[in-house]
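Notes follow the structure.
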Amino acid sequence: MSASRWRFRPRLATTAAAIAFCALAVSLGNWQLRRAEERERAQRQLEARAAGAAVALPGRLVDPAVWVWRRVSARGAYAEAHTILLDNRVLDGRAGYHVVTPLRLAGTELHVLVDRGWAPQGRTRADLPRIPVTEGTLTVEGIAVAPPERVFTLGEAAPSGVVWQHLSLARYRDRTGLAVQPIVVQQTSAADDRLVRRWERPDAGADKNRAYALQWYVFAVLALVLYVALNFERIRAE
């Protein structure tokens, strides 16, 4: 009758590989945690900007890096003729548009685009929402955001009507000939226009980094388990 027992006998090559992979996995996990902390700090800074007092937008071009996510106020008159509708904006499961109108800053030739809110889509695509005209000088408050200057969408042509798929400030300047600020104001102040103003704040993505960190730590543990399991050998004894 024969019996067998197990002996742990690590090999140099597998030991070196296991150590290298575990060190790499743990290092990448730690890096992801540091990225999560950095993004959380950035998120807190953005939230602090948005929660601050409204700052009057000047009648000159601003630096978007300084103004983005700040609460701002702008005084002027709407140029309703240049209003555009941003398509495929869904709210509570219903399709609609974001209504974007340039506001001519008082005493200047400079405009700032104001995202005035969401309007529902009609029964047909040709049935566009009717936005009440706002005449005279008014003050709009909101959060300054910076839309991407370049949007790459497969097969998308340059906008030719009032309905646009995406907002590009460069295209808007070329289309209208207006001088516009390099930011857009997401309106938060009340107005009698039946538009819905419910804005989502950006997610810094810290949770995603923490999930990636957990994955790398799991990989390190699995590599250690495999290393141990593969370096046991059976010894038979009579």
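Chain labels A, B, ... are given in the sequence in which chains occur in the structure tokens; within each chain residues are numbered consecutively from 1, and ligands are likewise numbered from 1 in the order shown.
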
Quick one: residues within 8 Å of Val228 of chain A, only C-alpha atoms counted, chain neighbours fewer than 3 positions away excluded, as an MDAnalysis selection string? chainID A and resid 8 10 224:225 231:232

Contacts of Asn88 of chain A at 10 Å (only C-alpha atoms; same-chain gap of 6+ positions) as a ChimeraX atom specification: /A:94-98,121,163-166

Dump as a compact mmCIF listing (two decimals), in the first residue's frame, selection limited to C-alpha atoms:
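What landed in selection-v7.txt:
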# COMPACT_ATOMS: atom_id res chain seq x y z
CA ARG A 94 -38.90 61.48 -21.94
CA ALA A 95 -37.10 62.86 -24.98
CA GLY A 96 -36.72 66.58 -25.43
CA TYR A 97 -34.41 69.49 -26.11
CA HIS A 98 -32.19 71.91 -24.25
CA GLN A 121 -40.37 66.82 -27.67
CA VAL A 163 -31.99 71.65 -34.01
CA TRP A 164 -28.40 70.68 -33.24
CA GLN A 165 -27.08 67.35 -32.01
CA HIS A 166 -24.22 68.90 -30.05

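Secondary structure by DSSP on the backbone puts the following residues of segment 1-59 of chain A in strand (DSSP E): Ala3, Ser4, Arg5, Trp6, Arg7, Phe8, Val55 and Ala56 of chain A.
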
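Among A:Gly177, A:Gly117, A:Gly29, A:Gly142, the residue with the shortest atom-to-atom distance to Leu86 of chain A, counting only C-alpha atoms, is A:Gly117.
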
Near-Gln186 of chain A list (12 Å; only C-alpha atoms; drop same-chain fewer than 3 positions) as a PyMOL selection string: chain A and resi 50+68-74+98-102+112-118+140-147+183+189-190+196-201

Atom CA of Leu61 of chain A to atom CA of Thr176 of chain A: how many Å, to one decimal? 17.6 Å

Find the residues near Trp31 of chain A: any atom within 12 Å, counting only C-alpha atoms, skip ones fewer than 6 places away on the same chain, and give them as a PyMOL selection string. chain A and resi 24-25+37-38+209-210+212-214+216-217

With N, CA and C atoms retained, export the selected residues as a PDB file, in the first residue's frame.
ATOM      1  N   LEU A  24       3.645  44.712  -8.984  1.00  0.00           N
ATOM      2  CA  LEU A  24       3.045  45.573  -9.998  1.00  0.00           C
ATOM      3  C   LEU A  24       1.565  45.797  -9.706  1.00  0.00           C
ATOM      4  N   ALA A  25       0.832  44.723  -9.378  1.00  0.00           N
ATOM      5  CA  ALA A  25      -0.600  44.843  -9.122  1.00  0.00           C
ATOM      6  C   ALA A  25      -0.874  45.736  -7.917  1.00  0.00           C
ATOM      7  N   GLU A  37      -8.418  59.872  -4.694  1.00  0.00           N
ATOM      8  CA  GLU A  37      -8.306  60.984  -3.743  1.00  0.00           C
ATOM      9  C   GLU A  37      -8.167  62.311  -4.473  1.00  0.00           C
ATOM     10  N   GLU A  38      -7.368  62.335  -5.552  1.00  0.00           N
ATOM     11  CA  GLU A  38      -7.209  63.569  -6.327  1.00  0.00           C
ATOM     12  C   GLU A  38      -8.540  64.004  -6.934  1.00  0.00           C
ATOM     13  N   ASN A 209     -12.239  54.694  -9.942  1.00  0.00           N
ATOM     14  CA  ASN A 209     -10.842  54.439  -9.587  1.00  0.00           C
ATOM     15  C   ASN A 209     -10.734  53.458  -8.427  1.00  0.00           C
ATOM     16  N   ARG A 210     -11.617  53.581  -7.446  1.00  0.00           N
ATOM     17  CA  ARG A 210     -11.588  52.642  -6.319  1.00  0.00           C
ATOM     18  C   ARG A 210     -11.933  51.222  -6.784  1.00  0.00           C
ATOM     19  N   TYR A 212     -11.265  50.000  -9.760  1.00  0.00           N
ATOM     20  CA  TYR A 212     -10.066  49.507 -10.437  1.00  0.00           C
ATOM     21  C   TYR A 212      -9.007  49.086  -9.421  1.00  0.00           C
ATOM     22  N   ALA A 213      -8.861  49.861  -8.350  1.00  0.00           N
ATOM     23  CA  ALA A 213      -7.889  49.510  -7.311  1.00  0.00           C
ATOM     24  C   ALA A 213      -8.223  48.146  -6.700  1.00  0.00           C
ATOM     25  N   LEU A 214      -9.501  47.922  -6.413  1.00  0.00           N
ATOM     26  CA  LEU A 214      -9.914  46.637  -5.853  1.00  0.00           C
ATOM     27  C   LEU A 214      -9.591  45.499  -6.817  1.00  0.00           C
ATOM     28  N   TRP A 216      -7.133  45.329  -8.988  1.00  0.00           N
ATOM     29  CA  TRP A 216      -5.699  45.049  -8.970  1.00  0.00           C
ATOM     30  C   TRP A 216      -5.304  44.312  -7.692  1.00  0.00           C
ATOM     31  N   TYR A 217      -5.898  44.647  -6.562  1.00  0.00           N
ATOM     32  CA  TYR A 217      -5.591  43.925  -5.328  1.00  0.00           C
ATOM     33  C   TYR A 217      -6.063  42.474  -5.420  1.00  0.00           C
TER      34      TYR A 217
END

Members of segment 24-233 of chain A assigned helix (DSSP H, G or I) by DSSP, as an NGL selection string: :A and (24-51 or 64-67 or 80-82 or 169-176 or 206-230)

Near Val133 of chain A, counting only C-alpha atoms, which residues have an atom at most 10 Å away, once you skip same-chain residues fewer than 4 positions from it, shown as a CSV table (one decimal) with N, CA and C atoms, in the first residue's frame?
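So the final result, stored in part00.csv, reads:
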chain,number,residue,atom,x,y,z
A,78,TYR,N,-31.8,88.9,-24.5
A,78,TYR,CA,-31.8,87.7,-25.3
A,78,TYR,C,-31.8,88.1,-26.8
A,79,ALA,N,-31.0,87.4,-27.6
A,79,ALA,CA,-31.1,87.5,-29.0
A,79,ALA,C,-31.9,86.2,-29.5
A,80,GLU,N,-33.2,86.3,-29.3
A,80,GLU,CA,-34.0,85.1,-29.5
A,80,GLU,C,-33.9,84.5,-30.9
A,81,ALA,N,-33.6,85.3,-31.9
A,81,ALA,CA,-33.5,84.8,-33.3
A,81,ALA,C,-32.4,83.8,-33.5
A,193,ASP,N,-41.1,80.6,-18.3
A,193,ASP,CA,-40.9,80.1,-19.7
A,193,ASP,C,-41.3,78.6,-19.8

Given only C-alpha atoms as the basis, pick out the residue of A:Leu195, A:Val185, A:Ala211, A:Leu128 nearest to Val162 of chain A.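 Using only C-alpha atoms, the shortest distance to Val162 of chain A belongs to A:Leu128.
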
Nearby residues (only C-alpha atoms) at most 8 Å from Gly59 of chain A, same-chain spacing under 6 positions excluded, as a list of chain:residue names: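 That gives A:Leu105, A:Ala106, A:Gly107, A:Thr108, A:Leu110.
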
Keeping only C-alpha atoms, take the residues you just selected and write them out as a PDB file, in the first residue's frame.
ATOM      1  CA  LEU A 105     -24.228  91.417 -22.310  1.00  0.00           C
ATOM      2  CA  ALA A 106     -25.391  94.905 -21.448  1.00  0.00           C
ATOM      3  CA  GLY A 107     -23.256  97.678 -22.932  1.00  0.00           C
ATOM      4  CA  THR A 108     -21.215  95.334 -25.138  1.00  0.00           C
ATOM      5  CA  LEU A 110     -20.357  90.248 -26.585  1.00  0.00           C
TER       6      LEU A 110
END

Restricting the calculation to only C-alpha atoms: of A:His82, A:Arg35, A:Arg7, A:Arg44, which residue gets closest to His111 of chain A?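 Nearest candidate to His111 of chain A out of A:His82, A:Arg35, A:Arg7, A:Arg44: A:His82.
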
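Atom CA of Trp67 of chain A to atom CA of Leu103 of chain A spans 17.2 Å [interatomic distance, one decimal].
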
Coordinates-based distance that separates atom CA of Arg75 of chain A from atom CA of Gln45 of chain A (Å, one decimal):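 Separating atom CA of Gln45 of chain A from atom CA of Arg75 of chain A is a distance of 26.2 Å.
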